[in-house]
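S.K.: Next up is a structure, given as structure tokens.
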Amino acid sequence: MARDEFQRELDALRDDVVRLGDVVSTRLRKAITALDSHDVSVAARIADADSEINERYLDLEQDCIDLFALQQPVAGDLRFVAASFKILTDLERIADLAANLAAYVVAAEDETFPDLGLIDLGTTAVGMLDDALTAYEKGDSTRCRAIADSDDDLDGRCERVAQQVIRHLVERDPDADELEPLLTDVTRVLLTIRDIERIGDHAVNIAARTLYMAENDDALIY
Amino acid sequence: MNNQIGDTDTDTDTNVSTDTSTDSQLGATTGVETSTTTTAGESEEQIRDEWTDYRFDSPAKLSVEDLNVWYGDDHALKDVSMEIPEESVTALIGPSGCGKSTYLRCLNRMNDRIKAARIDGSVELDGMEIYDPNTNLVELRKRIGMVFQSPNPFPKSIRDNISYGPRKHGEINKGLLARLFGRDDSEKEAELVERSLRQAALWDEVNDRLDDNALGLSGGQQQRLCIARCLAVDPEVILMDEPASALDPIATSKIEDLVTDLAEDYTVVIVTHNMQQAARISDQTAVFLTGGELVEYDDTDKIFENPESQRVEDYITGKFG
């Protein structure tokens, strides 16, 4: 096969993106575990370590730019590099959101809403991310479409949980609860739900770019 | 068999047959069986008619149907059918020996000059068959001009290079006889020379030395002079066979800009080995592959972003050839 070095660089890019994705996924999983266990020290470490992901993200983005500039990829190769370039941004954003989730754990003093099922929501989102990474690694378009479907489910669940929180606020006993700390808690929980929901969106973005990469199909891109 | 990535039919969990193997750099061909390849590294596949069935809105300037060319026993071009839209740039790409230059030369009957060549099929210019026995070849080649790989100006002045064609065609009269009969077209010639050189983006560089020998120009300037010479006889179609392959990057980009400008008024068909050049300047691209076959013909962005043929994909991504 011709252009061996170029092929090696493409393979290396795919491996690097998947590896970065695995690191992001691991962090996200730890952040969700910390949310469950209120492990403030683990959460603090995750919240502080985002910069190394950012650096790696910039390195890999540069690799994509180098491939465009030096190898002028076309056809399937072009779609692969272009998709990877976009997917890197989603991975970086998911890492930011994982850091957010960890920061909420650090900020939470006690648990006002123990039965919301936030951990389940978070686990679903991590599962979507892992699926998206597998789809990208294998060029699996069927899996891409399944991820998009499961996001509708996650969005619905997030909305229901958010309504539960609002309902609690509206129906609270004005004499029993102090308003200020409750408002802080509600805000934090709503942000947690929103961030998990966004992680699902980014997983769908990864799937959408993967589908474009594999089949030149932009059906899932917005 | 069809080995296209659009036709996968994989089930969710048992995906992936070829992803990390060498024939699929992306894992993009997931779910299809590993393709077989020829010794040259080409995927085995049947050409589908729809890959070359290019539809466009503007009128067709050239219509080629079932064109076959043999050089002796060598079947150099096989059943090529292709319509070329007017006022656009059509790039012909493919590996050496794929028939693209043969095809180009058929469009103004330059292959007539090769004794061993036998040509069968039809080429119509604006609906007129150019292989009709009554075709006037001088007139045909005036309407369909040609620019070659290495610049080939006449060893004459820059001015004479331009006015040679029109004078031969009787469009310009000059000299003693013309002066005697009051038909001296010197002014008309000057206008024509300036217009042609301007169209070829050469005027500013040579207007103060039109009487210098054209062979004193740089390679890039000589090539633009050849394009200007071609334009001077007011053609409708310009065929270019690797017009920039002997030029440096700056001269190349001048030729490329020129090609883009020319497509506003002319129909340009260009053979190039430089795929990025084809991608940059053409509106549609035809890919010829080994064996003299037209494999795929479509909008240039379609060819370079998502070709239908696996062999075309392999060729343009550099996986064989």
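Following the order of the structure tokens, chains are lettered A, B, ..., residues in each are numbered from 1, and ligands are numbered from 1.
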For the structure I just gave you, how does DSSP split stretch 46-291 of chain B - specifically, which residues are alpha helix (DSSP H)? Reply as a PyMOL selection string.
M.R.: chain B and resi 49-52+100-106+137-143+158-168+176-180+186-199+203-206+219-232+249-262+275-281
S.K.: Report as an MDAnalysis selection string the set of chain A residues whose atoms approach chain B to within 12 Å, with distances computed over only C-alpha atoms.
M.R.: chainID A and resid 1:15 69 71:84 131 134:147 210:217
S.K.: When distances are computed from only C-alpha atoms, which of A:Leu116, A:Val204, A:Leu179, A:Ile53 shows the smallest separation from A:Leu129?
M.R.: A:Val204
S.K.: For the strand (DSSP E or B) assignment from backbone DSSP, which residues of stretch 25-183 of chain B qualify? Please present them as a PyMOL selection string.
M.R.: chain B and resi 37+43+60-71+74-85+89-93+117-125+128-129+144-147+157
S.K.: At a cut-off of 12 Å, using only C-alpha atoms, what residues contact stretch 125-140 of chain B? Leave out same-chain residues fewer than 4 positions from it and give the result as a ChimeraX atom specification.
M.R.: /B:59-65,67,83-86,106-113,119-121,144-146,165-166,168-169,233-238,267
S.K.: How many Å separate atom CA of B:Glu205 from atom CA of B:Val147?
M.R.: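 Spanning atom CA of B:Glu205 to atom CA of B:Val147 is a straight-line distance of 20.3 Å.
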S.K.: Record the distance separating atom CA of B:Gly99 and atom CA of B:Ala246, expressed in Å with one decimal.
M.R.: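 A separation of 20.4 Å between them.
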S.K.: Give me, as a count of residues only, all polymer residues having an atom no more than 8 Å from stretch 154-161 of chain B, counting only C-alpha atoms and skipping those fewer than 3 positions away in the same chain.
M.R.: 12
S.K.: Contacts of A:His202 at 9 Å or less, counting only C-alpha atoms, minus same-chain residues fewer than 2 places along, as a ChimeraX atom specification?
M.R.: /A:87,90-91,93-94,129,197-200,204-207
S.K.: Calculate how many Å separate atom CA of B:Glu50 from atom CA of B:Pro95, rounding to one decimal.
M.R.: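 Interatomic distance, atom CA of B:Glu50 to atom CA of B:Pro95: 21.9 Å.
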S.K.: Please determine, counting only C-alpha atoms, which residue among A:Thr89, A:Ala102, A:Asp155, A:Arg29 has the shortest atom-to-atom distance to A:Ala49.
M.R.: A:Ala102
